[in-house]
>>> print(open('start_12.pdb').read())   # PDB, C-alpha atoms
ATOM      1  CA  MET A 423      50.906  48.055  80.725
ATOM      2  CA  GLY A 424      47.236  48.261  81.511
ATOM      3  CA  GLY A 425      44.232  47.437  79.404
ATOM      4  CA  LYS A 426      43.671  50.991  78.134
ATOM      5  CA  SER A 427      47.247  51.268  77.009
ATOM      6  CA  ILE A 428      46.774  48.072  75.050
ATOM      7  CA  LEU A 429      43.650  49.520  73.454
ATOM      8  CA  ARG A 430      45.520  52.675  72.529
ATOM      9  CA  ALA A 431      48.453  50.716  71.136
ATOM     10  CA  LEU A 432      46.107  48.707  68.933
ATOM     11  CA  SER A 433      43.535  51.374  68.171
ATOM     12  CA  ALA A 434      44.768  51.644  64.596
ATOM     13  CA  LEU A 435      42.982  48.348  64.029
ATOM     14  CA  VAL A 436      39.680  50.178  64.304
ATOM     15  CA  LEU A 437      38.490  51.854  61.149
ATOM     16  CA  ALA A 438      35.323  53.944  61.539
ATOM     17  CA  GLY A 439      34.355  51.753  64.509
ATOM     18  CA  THR A 440      34.800  48.501  62.621
ATOM     19  CA  LEU A 441      37.877  46.364  62.174
ATOM     20  CA  SER A 442      38.936  46.301  58.561
ATOM     21  CA  VAL A 443      38.834  42.888  56.963
ATOM     22  CA  ALA A 444      39.910  44.031  53.496
ATOM     23  CA  VAL A 445      43.226  42.236  53.810
ATOM     24  CA  CYS A 446      44.561  39.470  51.660
ATOM     25  CA  ALA A 447      44.994  36.285  53.692
ATOM     26  CA  THR A 448      48.682  35.960  52.967
ATOM     27  CA  ALA A 449      49.150  33.986  56.193
ATOM     28  CA  GLN A 450      47.850  30.947  54.357
ATOM     29  CA  ALA A 451      51.077  30.705  52.411
ATOM     30  CA  ALA A 452      53.103  27.521  52.945
ATOM     31  CA  SER A 453      55.482  27.821  55.907
ATOM     32  CA  ALA A 454      59.230  27.574  55.518
ATOM     33  CA  VAL A 455      61.975  28.454  57.992
ATOM     34  CA  LYS A 456      63.132  32.034  57.351
ATOM     35  CA  VAL A 457      65.021  33.031  60.507
ATOM     36  CA  ILE A 458      66.414  31.244  63.552
ATOM     37  CA  VAL A 459      66.859  33.443  66.636
ATOM     38  CA  ASN A 460      68.706  31.687  69.468
ATOM     39  CA  ASN A 461      67.253  28.355  68.275
ATOM     40  CA  VAL A 462      63.732  29.812  67.974
ATOM     41  CA  VAL A 463      62.345  29.408  64.455
ATOM     42  CA  ILE A 464      60.459  32.134  62.575
ATOM     43  CA  THR A 465      58.652  30.767  59.534
ATOM     44  CA  SER A 466      57.279  32.313  56.386
ATOM     45  CA  GLY A 467      53.829  31.686  57.854
ATOM     46  CA  ASP A 468      54.719  33.761  60.936
ATOM     47  CA  ILE A 469      55.968  36.561  58.696
ATOM     48  CA  ALA A 470      52.810  36.427  56.566
ATOM     49  CA  LYS A 471      50.646  36.804  59.673
ATOM     50  CA  ARG A 472      52.667  39.816  60.805
ATOM     51  CA  VAL A 473      52.415  41.379  57.334
ATOM     52  CA  ALA A 474      48.626  40.974  57.593
ATOM     53  CA  PHE A 475      48.728  42.525  61.070
ATOM     54  CA  ILE A 476      50.740  45.502  59.798
ATOM     55  CA  ARG A 477      48.177  46.030  57.064
ATOM     56  CA  LEU A 478      45.324  45.877  59.567
ATOM     57  CA  GLN A 479      46.993  48.707  61.451
ATOM     58  CA  ARG A 480      47.212  50.695  58.198
ATOM     59  CA  GLN A 481      50.981  50.906  58.661
ATOM     60  CA  ARG A 482      53.649  50.648  56.007
ATOM     61  CA  GLY A 483      55.921  47.667  55.801
ATOM     62  CA  GLY A 484      56.199  44.361  54.045
ATOM     63  CA  ALA A 485      57.933  41.091  54.754
ATOM     64  CA  GLU A 486      61.241  42.652  55.844
ATOM     65  CA  GLU A 487      59.579  44.923  58.413
ATOM     66  CA  ALA A 488      57.489  42.000  59.637
ATOM     67  CA  LYS A 489      60.598  39.840  60.007
ATOM     68  CA  GLN A 490      62.405  42.492  62.070
ATOM     69  CA  GLN A 491      59.399  42.925  64.345
ATOM     70  CA  LEU A 492      59.245  39.180  64.939
ATOM     71  CA  ILE A 493      62.983  38.953  65.656
ATOM     72  CA  ASP A 494      62.597  41.682  68.281
ATOM     73  CA  GLU A 495      59.612  39.895  69.786
ATOM     74  CA  VAL A 496      61.496  36.593  70.037
ATOM     75  CA  LEU A 497      64.306  38.388  71.872
ATOM     76  CA  LYS A 498      61.853  40.130  74.184
ATOM     77  CA  ARG A 499      59.869  36.958  74.827
ATOM     78  CA  SER A 500      63.011  35.016  75.784
ATOM     79  CA  GLU A 501      64.112  37.770  78.164
ATOM     80  CA  ILE A 502      60.616  37.991  79.654
ATOM     81  CA  ALA A 503      60.775  34.261  80.408
ATOM     82  CA  ARG A 504      64.319  34.477  81.782
ATOM     83  CA  VAL A 505      63.526  37.144  84.367
ATOM     84  CA  GLN A 506      60.035  35.719  85.036
ATOM     85  CA  GLN A 507      58.129  38.948  84.389
ATOM     86  CA  SER A 508      55.442  37.591  82.086
ATOM     87  CA  VAL A 509      51.806  38.536  82.475
ATOM     88  CA  SER A 510      49.435  35.609  82.898
ATOM     89  CA  THR A 511      47.339  33.942  80.217
ATOM     90  CA  GLN A 512      44.322  35.322  82.072
ATOM     91  CA  ASP A 513      45.727  38.868  81.750
ATOM     92  CA  VAL A 514      46.119  38.426  77.998
ATOM     93  CA  ASP A 515      42.654  36.913  77.605
ATOM     94  CA  ALA A 516      41.182  39.787  79.617
ATOM     95  CA  ALA A 517      42.975  42.364  77.421
ATOM     96  CA  PHE A 518      41.707  40.568  74.314
ATOM     97  CA  ALA A 519      38.152  40.600  75.690
ATOM     98  CA  ARG A 520      38.415  44.317  76.595
ATOM     99  CA  PHE A 521      39.599  45.142  73.101
ATOM    100  CA  ALA A 522      36.680  43.214  71.625
ATOM    101  CA  SER A 523      34.183  44.836  73.989
ATOM    102  CA  GLY A 524      35.597  48.296  73.287
ATOM    103  CA  ASN A 525      34.761  47.751  69.631
ATOM    104  CA  LYS A 526      31.293  46.308  70.340
ATOM    105  CA  LEU A 527      32.381  42.789  69.474
ATOM    106  CA  SER A 528      32.396  39.527  71.357
ATOM    107  CA  PRO A 529      35.775  37.752  71.659
ATOM    108  CA  GLU A 530      34.431  35.158  69.238
ATOM    109  CA  GLN A 531      33.551  37.822  66.662
ATOM    110  CA  LEU A 532      36.949  39.460  67.023
ATOM    111  CA  GLY A 533      38.605  36.071  66.620
ATOM    112  CA  LYS A 534      36.681  35.428  63.415
ATOM    113  CA  ILE A 535      37.755  38.786  61.980
ATOM    114  CA  LEU A 536      41.399  38.147  62.865
ATOM    115  CA  ASP A 537      41.246  34.706  61.256
ATOM    116  CA  GLN A 538      39.609  36.083  58.107
ATOM    117  CA  SER A 539      42.267  38.787  57.805
ATOM    118  CA  GLY A 540      45.122  36.283  57.996
ATOM    119  CA  VAL A 541      46.381  37.387  61.425
ATOM    120  CA  GLY A 542      44.865  34.748  63.680
ATOM    121  CA  VAL A 543      43.948  34.886  67.357
ATOM    122  CA  ASP A 544      47.130  33.225  68.625
ATOM    123  CA  HIS A 545      49.386  35.642  66.751
ATOM    124  CA  PHE A 546      47.432  38.617  68.100
ATOM    125  CA  LYS A 547      47.505  37.294  71.674
ATOM    126  CA  GLN A 548      51.240  36.645  71.479
ATOM    127  CA  TYR A 549      51.673  40.264  70.421
ATOM    128  CA  ILE A 550      49.524  41.439  73.341
ATOM    129  CA  ALA A 551      51.506  39.293  75.790
ATOM    130  CA  VAL A 552      54.819  40.823  74.723
ATOM    131  CA  GLN A 553      53.395  44.363  74.729
ATOM    132  CA  MET A 554      52.108  43.888  78.284
ATOM    133  CA  SER A 555      55.145  42.030  79.673
ATOM    134  CA  TRP A 556      58.088  43.918  78.158
ATOM    135  CA  PRO A 557      57.581  47.138  80.220
ATOM    136  CA  ARG A 558      57.739  44.948  83.340
ATOM    137  CA  VAL A 559      61.120  43.608  82.236
ATOM    138  CA  VAL A 560      62.466  47.093  81.509
ATOM    139  CA  ASN A 561      61.238  48.365  84.868
ATOM    140  CA  PHE A 562      62.648  45.258  86.611
ATOM    141  CA  ARG A 563      66.084  46.116  85.267
ATOM    142  CA  TYR A 564      66.078  49.912  85.311
ATOM    143  CA  GLY A 565      63.485  50.732  87.975
ATOM    144  CA  ASN A 566      65.924  51.473  90.791
ATOM    145  CA  ALA A 567      68.212  53.330  88.392
ATOM    146  CA  ASN A 568      65.345  55.702  87.644
ATOM    147  CA  ARG A 569      64.967  56.779  91.249
ATOM    148  CA  LEU A 570      65.739  60.418  91.909
ATOM    149  CA  SER A 571      68.419  61.290  94.448
ATOM    150  CA  GLY A 572      67.882  63.900  97.134
ATOM    151  CA  GLY A 573      69.929  66.358  95.097
ATOM    152  CA  ASP A 574      67.847  65.670  92.007
ATOM    153  CA  LEU A 575      64.640  66.251  93.964
ATOM    154  CA  VAL A 576      65.913  69.607  95.245
ATOM    155  CA  LYS A 577      67.002  70.613  91.736
ATOM    156  CA  ARG A 578      63.609  69.729  90.252
ATOM    157  CA  MET A 579      61.778  71.587  93.026
ATOM    158  CA  MET A 580      63.930  74.679  92.498
ATOM    159  CA  GLU A 581      63.097  74.554  88.792
ATOM    160  CA  GLY A 582      59.446  74.656  89.831
ATOM    161  CA  GLY A 583      59.863  77.719  92.046
ATOM    162  CA  GLY A 584      61.116  75.928  95.147
ATOM    163  CA  ASN A 585      57.816  74.224  95.982
ATOM    164  CA  LYS A 586      57.157  70.516  96.192
ATOM    165  CA  PRO A 587      54.485  69.340  93.748
ATOM    166  CA  VAL A 588      51.096  68.558  95.241
ATOM    167  CA  THR A 589      49.255  65.381  94.309
ATOM    168  CA  THR A 590      46.274  63.363  95.519
ATOM    169  CA  GLU A 591      46.830  60.483  97.912
ATOM    170  CA  TYR A 592      44.289  57.668  98.101
ATOM    171  CA  PHE A 593      43.895  54.812 100.539
ATOM    172  CA  LEU A 594      42.018  52.109  98.666
ATOM    173  CA  GLN A 595      40.375  48.752  99.168
ATOM    174  CA  GLN A 596      39.605  46.325  96.366
ATOM    175  CA  VAL A 597      36.243  44.533  96.463
ATOM    176  CA  ILE A 598      36.159  41.428  94.269
ATOM    177  CA  PHE A 599      33.038  39.423  93.476
ATOM    178  CA  VAL A 600      34.961  36.330  92.478
ATOM    179  CA  ILE A 601      33.994  34.394  89.347
ATOM    180  CA  PRO A 602      35.599  30.956  88.835
ATOM    181  CA  GLU A 603      37.144  30.548  85.394
ATOM    182  CA  SER A 604      34.817  27.645  84.622
ATOM    183  CA  LYS A 605      31.726  29.825  85.225
ATOM    184  CA  ARG A 606      32.943  33.070  83.674
ATOM    185  CA  GLY A 607      30.555  33.108  80.740
ATOM    186  CA  ALA A 608      27.543  31.802  82.631
ATOM    187  CA  ILE A 609      27.357  34.050  85.687
ATOM    188  CA  THR A 610      29.308  37.221  84.836
ATOM    189  CA  ALA A 611      26.222  39.357  84.190
ATOM    190  CA  LYS A 612      24.570  38.119  87.393
ATOM    191  CA  ARG A 613      27.687  38.801  89.471
ATOM    192  CA  GLN A 614      28.068  42.271  87.978
ATOM    193  CA  ALA A 615      24.468  43.111  88.861
ATOM    194  CA  GLU A 616      25.117  41.837  92.388
ATOM    195  CA  ALA A 617      28.306  43.903  92.696
ATOM    196  CA  ASN A 618      26.578  47.048  91.409
ATOM    197  CA  ALA A 619      23.733  46.604  93.893
ATOM    198  CA  SER A 620      26.176  46.128  96.766
ATOM    199  CA  ARG A 621      27.899  49.473  96.265
ATOM    200  CA  SER A 622      25.091  51.441  97.884
ATOM    201  CA  GLN A 623      25.339  49.146 100.913
ATOM    202  CA  PHE A 624      29.116  49.439 101.337
ATOM    203  CA  PRO A 625      29.623  50.561 104.964
ATOM    204  CA  GLY A 626      33.166  51.888 104.715
ATOM    205  CA  CYS A 627      36.620  50.358 104.829
ATOM    206  CA  GLU A 628      36.734  49.703 108.565
ATOM    207  CA  THR A 629      33.876  47.197 108.462
ATOM    208  CA  SER A 630      34.282  45.999 104.871
ATOM    209  CA  LYS A 631      35.220  42.432 105.818
ATOM    210  CA  ALA A 632      32.034  42.018 107.833
ATOM    211  CA  PHE A 633      30.151  43.455 104.841
ATOM    212  CA  ALA A 634      31.777  40.930 102.500
ATOM    213  CA  ALA A 635      30.662  38.065 104.748
ATOM    214  CA  ASN A 636      27.071  38.828 103.736
ATOM    215  CA  TYR A 637      27.866  37.843 100.138
ATOM    216  CA  ARG A 638      29.056  34.654  98.540
ATOM    217  CA  ASP A 639      32.656  34.539  97.261
ATOM    218  CA  VAL A 640      33.536  38.181  97.891
ATOM    219  CA  SER A 641      37.123  39.130  98.671
ATOM    220  CA  ILE A 642      38.402  42.349 100.270
ATOM    221  CA  ARG A 643      41.983  43.402  99.631
ATOM    222  CA  SER A 644      43.682  46.477 101.069
ATOM    223  CA  LEU A 645      45.728  48.357  98.480
ATOM    224  CA  GLY A 646      47.097  50.842 101.001
ATOM    225  CA  ARG A 647      48.455  54.207  99.924
ATOM    226  CA  VAL A 648      48.265  54.944  96.204
ATOM    227  CA  LEU A 649      49.106  58.307  94.666
ATOM    228  CA  ALA A 650      47.200  59.622  91.653
ATOM    229  CA  GLN A 651      50.197  58.989  89.365
ATOM    230  CA  GLN A 652      50.306  55.334  90.474
ATOM    231  CA  LEU A 653      46.690  54.504  89.686
ATOM    232  CA  PRO A 654      46.330  51.822  86.969
ATOM    233  CA  GLU A 655      45.035  53.387  83.777
ATOM    234  CA  ASP A 656      41.938  51.165  83.773
ATOM    235  CA  TRP A 657      40.937  52.401  87.224
ATOM    236  CA  LYS A 658      42.158  55.994  87.216
ATOM    237  CA  PRO A 659      39.051  57.721  85.752
ATOM    238  CA  LEU A 660      36.756  55.686  88.007
ATOM    239  CA  VAL A 661      38.754  56.545  91.130
ATOM    240  CA  GLU A 662      38.994  60.227  90.244
ATOM    241  CA  LYS A 663      35.235  60.361  89.685
ATOM    242  CA  ALA A 664      34.393  58.745  93.034
ATOM    243  CA  GLY A 665      34.314  60.896  96.151
ATOM    244  CA  ASP A 666      36.025  60.327  99.492
ATOM    245  CA  GLY A 667      34.371  57.398 101.277
ATOM    246  CA  MET A 668      32.606  56.283  98.084
ATOM    247  CA  THR A 669      33.085  53.378  95.689
ATOM    248  CA  THR A 670      33.983  53.327  92.022
ATOM    249  CA  GLY A 671      31.945  51.797  89.254
ATOM    250  CA  THR A 672      32.453  48.098  88.601
ATOM    251  CA  ARG A 673      34.767  46.457  86.098
ATOM    252  CA  VAL A 674      34.901  42.877  84.854
ATOM    253  CA  THR A 675      38.471  41.595  85.255
ATOM    254  CA  GLU A 676      40.286  38.274  85.151
ATOM    255  CA  LYS A 677      39.404  37.792  88.844
ATOM    256  CA  GLY A 678      35.683  38.513  88.546
ATOM    257  CA  VAL A 679      33.739  41.746  89.017
ATOM    258  CA  GLU A 680      35.601  44.421  90.964
ATOM    259  CA  TYR A 681      35.192  47.883  92.367
ATOM    260  CA  LEU A 682      37.412  50.038  94.557
ATOM    261  CA  ALA A 683      36.489  51.734  97.798
ATOM    262  CA  ILE A 684      38.086  55.115  98.545
ATOM    263  CA  CYS A 685      38.864  54.818 102.255
ATOM    264  CA  LYS A 686      40.564  58.192 102.470
ATOM    265  CA  LYS A 687      41.617  60.902 100.043
ATOM    266  CA  ARG A 688      43.778  63.968 100.620
ATOM    267  CA  GLN A 689      46.323  66.297  99.019
ATOM    268  CA  VAL A 690      49.986  65.631  99.886
ATOM    269  CA  ASN A 691      53.379  67.106  99.014
ATOM    270  CA  ASP A 692      55.981  64.995 100.841
ATOM    271  CA  ASP A 693      59.297  63.806  99.361
ATOM    272  CA  THR A 694      57.935  60.435  98.246
ATOM    273  CA  ALA A 695      55.023  62.108  96.491
ATOM    274  CA  ALA A 696      57.378  64.612  94.850
ATOM    275  CA  GLU A 697      59.571  61.825  93.447
ATOM    276  CA  ILE A 698      56.573  59.939  92.060
ATOM    277  CA  VAL A 699      55.182  63.100  90.447
ATOM    278  CA  PHE A 700      58.533  63.911  88.824
ATOM    279  CA  ARG A 701      58.999  60.333  87.597
ATOM    280  CA  ALA A 702      55.483  60.363  86.124
ATOM    281  CA  GLU A 703      56.327  63.612  84.332
ATOM    282  CA  ASP A 704      59.509  62.055  82.935
ATOM    283  CA  LEU A 705      57.599  58.972  81.783
ATOM    284  CA  GLY A 706      55.058  61.198  80.057
ATOM    285  CA  LYS A 707      57.855  62.941  78.182
ATOM    286  CA  LYS A 708      59.235  59.572  77.074
ATOM    287  CA  LYS A 709      55.829  58.459  75.824
ATOM    288  CA  SER A 710      55.265  61.652  73.862
ATOM    289  CA  GLY A 711      58.750  61.467  72.399
ATOM    290  CA  GLY A 712      58.604  57.831  71.341
ATOM    291  CA  GLU A 713      60.096  54.651  72.745
ATOM    292  CA  ASP A 714      61.562  54.541  76.236
ATOM    293  CA  PRO A 715      65.336  54.886  75.723
ATOM    294  CA  ASN A 716      65.923  52.189  78.346
ATOM    295  CA  SER A 717      63.768  49.819  76.320
ATOM    296  CA  ALA A 718      65.684  50.568  73.122
ATOM    297  CA  LYS A 719      69.035  50.159  74.901
ATOM    298  CA  TYR A 720      67.955  46.863  76.471
ATOM    299  CA  LEU A 721      66.748  45.452  73.154
ATOM    300  CA  GLU A 722      69.951  46.497  71.391
ATOM    301  CA  GLU A 723      71.981  44.612  74.005
ATOM    302  CA  LEU A 724      69.879  41.508  73.392
ATOM    303  CA  ARG A 725      70.404  41.826  69.636
ATOM    304  CA  GLU A 726      74.174  42.090  70.050
ATOM    305  CA  LYS A 727      74.285  38.878  72.113
ATOM    306  CA  ALA A 728      71.801  36.972  69.954
ATOM    307  CA  ARG A 729      72.596  34.339  67.346
ATOM    308  CA  ILE A 730      70.414  35.257  64.372
ATOM    309  CA  ILE A 731      70.531  33.080  61.271
ATOM    310  CA  ASN A 732      68.715  34.170  58.120
ATOM    311  CA  LYS A 733      67.714  31.371  55.740
TER     312      LYS A 733
END
>>> encode(input="start_12.pdb", output="structure tokens")
Amino acid sequence: MGGKSILRALSALVLAGTLSVAVCATAQAASAVKVIVNNVVITSGDIAKRVAFIRLQRQRGGAEEAKQQLIDEVLKRSEIARVQQSVSTQDVDAAFARFASGNKLSPEQLGKILDQSGVGVDHFKQYIAVQMSWPRVVNFRYGNANRLSGGDLVKRMMEGGGNKPVTTEYFLQQVIFVIPESKRGAITAKRQAEANASRSQFPGCETSKAFAANYRDVSIRSLGRVLAQQLPEDWKPLVEKAGDGMTTGTRVTEKGVEYLAICKKRQVNDDTAAEIVFRAEDLGKKKSGGEDPNSAKYLEELREKARIINK
């Protein structure tokens, strides 16, 4: 899940542009063991924080709803660790910073609000980590099963009048003005200004490595062929806005300051493109209809195998 999807998933936290802090700090209640899930303890303090989080989202639900959410998250977190599909700490920190920035707050200000509301930064970041990592686990297990067979492709094309769907194909390069973690706060603005200035000087993908040599700590990475439906949500509007042979606007990421170069762009309608278009359409239907059924099925299997002890 990309940064924008995280922002959408948590957008209920924003009330008229400002995070609501009118929440009782129930998370301060004394902690006692309430549930043990496969030897992982959930305390009354954990439940109180989730109750506060539910209230921040203006959703219904008290301690019982909070407890069920936390049980599911423990199961997901264990499975994420087992199959080694977790996002990095840097990914979570970057998502946290994007959420703060999107609401005109610094990470420190957002942290203060979360603490005042009884949620806490760590609880919020743990939630983000699971939300970002779980789709990876589901795709890791069911990804190949979701592929369309040749017969399925033909059937879908016949339903559309016998024509293969047309989509946009991009060949992209990633330009990264690297920022070491230890200097992230001190030089980010300077590096972003440098990256923005460099875009007008970008000579094209064929000589991009020679171009990068003129700058300090700049990395060029070829992303190869990427179809419109495969573009990360954070980058998609920037790529679509940029013309063939141009560069996108810059973004601050966990690596530094980045922009993408559009090496080549064209319309395609081959079998691979058709499958990706159809799968994107199916995913869109799942999103509009609620939870991915594969996700629900996977979680139910984990529940059935789990040892859950209520205290």
>>> residues_around(input="start_12.pdb", residues="Ile493 of chain A", least_positions_apart="5", cutoff="12 Å", atoms="only C-alpha atoms", output="MDAnalysis selection string")
chainID A and resid 456:465 468:469 472 486:488 498:500 721:722 724:725 728:732
>>> atom_distance(input="start_12.pdb", atom1="atom CA of Ile684 of chain A", atom2="atom CA of Gln623 of chain A")
14.3 Å
>>> residues_around(input="start_12.pdb", residues="Gln506 of chain A", least_positions_apart="3", cutoff="12 Å", atoms="only C-alpha atoms", output="JSON, numbers by chain")
{"A": [498, 499, 500, 501, 502, 503, 509, 510, 555, 556, 558, 559, 562]}
>>> atom_distance(input="start_12.pdb", atom1="atom CA of Arg647 of chain A", atom2="atom CA of Ser620 of chain A")
23.9 Å
>>> atom_distance(input="start_12.pdb", atom1="atom CA of Asp544 of chain A", atom2="atom CA of Ala470 of chain A")
13.7 Å
>>> closest_residue(input="start_12.pdb", among="A:Gly483, A:Pro625, A:Gly542, A:Gly646", to="Lys471 of chain A", atoms="all atoms listed in the file")
A:Gly542
>>> closest_residue(input="start_12.pdb", among="A:Thr511, A:Ser539, A:Ser453, A:Ser466", to="Gln479 of chain A", atoms="only C-alpha atoms")
A:Ser539
>>> build_atoms(input="start_12.pdb", residues="segment 679-687 of chain A", atoms="all heavy atoms", output="tab-separated table (two decimals), keeping the file's coordinate frame")
chain	number	residue	atom	x	y	z
A	679	VAL	N	34.26	40.38	89.13
A	679	VAL	CA	33.74	41.75	89.02
A	679	VAL	C	34.29	42.54	90.20
A	679	VAL	O	34.14	42.13	91.35
A	679	VAL	CB	32.20	41.78	89.03
A	679	VAL	CG1	31.70	43.21	88.89
A	679	VAL	CG2	31.64	40.90	87.90
A	680	GLU	N	34.92	43.66	89.91
A	680	GLU	CA	35.60	44.42	90.96
A	680	GLU	C	35.11	45.86	91.02
A	680	GLU	O	34.66	46.42	90.03
A	680	GLU	CB	37.11	44.46	90.71
A	680	GLU	CG	37.79	43.12	90.61
A	680	GLU	CD	39.29	43.27	90.37
A	680	GLU	OE1	39.87	44.28	90.85
A	680	GLU	OE2	39.88	42.40	89.72
A	681	TYR	N	35.24	46.43	92.22
A	681	TYR	CA	35.19	47.88	92.37
A	681	TYR	C	36.13	48.27	93.49
A	681	TYR	O	36.58	47.42	94.27
A	681	TYR	CB	33.78	48.42	92.59
A	681	TYR	CG	33.02	47.93	93.81
A	681	TYR	CD1	33.19	48.51	95.06
A	681	TYR	CD2	32.07	46.91	93.68
A	681	TYR	CE1	32.46	48.09	96.16
A	681	TYR	CE2	31.34	46.48	94.78
A	681	TYR	CZ	31.54	47.07	96.02
A	681	TYR	OH	30.80	46.65	97.11
A	682	LEU	N	36.50	49.53	93.54
A	682	LEU	CA	37.41	50.04	94.56
A	682	LEU	C	36.66	50.94	95.52
A	682	LEU	O	35.77	51.69	95.11
A	682	LEU	CB	38.57	50.82	93.93
A	682	LEU	CG	39.47	50.07	92.94
A	682	LEU	CD1	40.58	50.99	92.44
A	682	LEU	CD2	40.06	48.83	93.57
A	683	ALA	N	37.03	50.85	96.77
A	683	ALA	CA	36.49	51.73	97.80
A	683	ALA	C	37.54	52.77	98.16
A	683	ALA	O	38.71	52.42	98.39
A	683	ALA	CB	36.11	50.93	99.04
A	684	ILE	N	37.16	54.04	98.17
A	684	ILE	CA	38.09	55.12	98.54
A	684	ILE	C	37.97	55.32	100.05
A	684	ILE	O	37.03	55.95	100.54
A	684	ILE	CB	37.80	56.42	97.78
A	684	ILE	CG1	38.15	56.27	96.30
A	684	ILE	CG2	38.63	57.57	98.35
A	684	ILE	CD1	37.17	55.54	95.46
A	685	CYS	N	38.90	54.73	100.79
A	685	CYS	CA	38.86	54.82	102.26
A	685	CYS	C	39.18	56.23	102.73
A	685	CYS	O	38.55	56.74	103.66
A	685	CYS	CB	39.87	53.84	102.87
A	685	CYS	SG	39.71	52.14	102.29
A	686	LYS	N	40.16	56.84	102.09
A	686	LYS	CA	40.56	58.19	102.47
A	686	LYS	C	41.23	58.84	101.27
A	686	LYS	O	41.87	58.18	100.46
A	686	LYS	CB	41.53	58.16	103.66
A	686	LYS	CG	41.88	59.53	104.22
A	686	LYS	CD	42.57	59.43	105.57
A	686	LYS	CE	43.91	58.73	105.48
A	686	LYS	NZ	44.65	58.77	106.78
A	687	LYS	N	41.07	60.15	101.17
A	687	LYS	CA	41.62	60.90	100.04
A	687	LYS	C	42.08	62.26	100.56
A	687	LYS	O	41.34	62.93	101.29
A	687	LYS	CB	40.53	61.05	98.98
A	687	LYS	CG	40.83	62.00	97.83
A	687	LYS	CD	39.60	62.11	96.93
A	687	LYS	CE	39.77	63.18	95.87
A	687	LYS	NZ	38.54	63.33	95.04
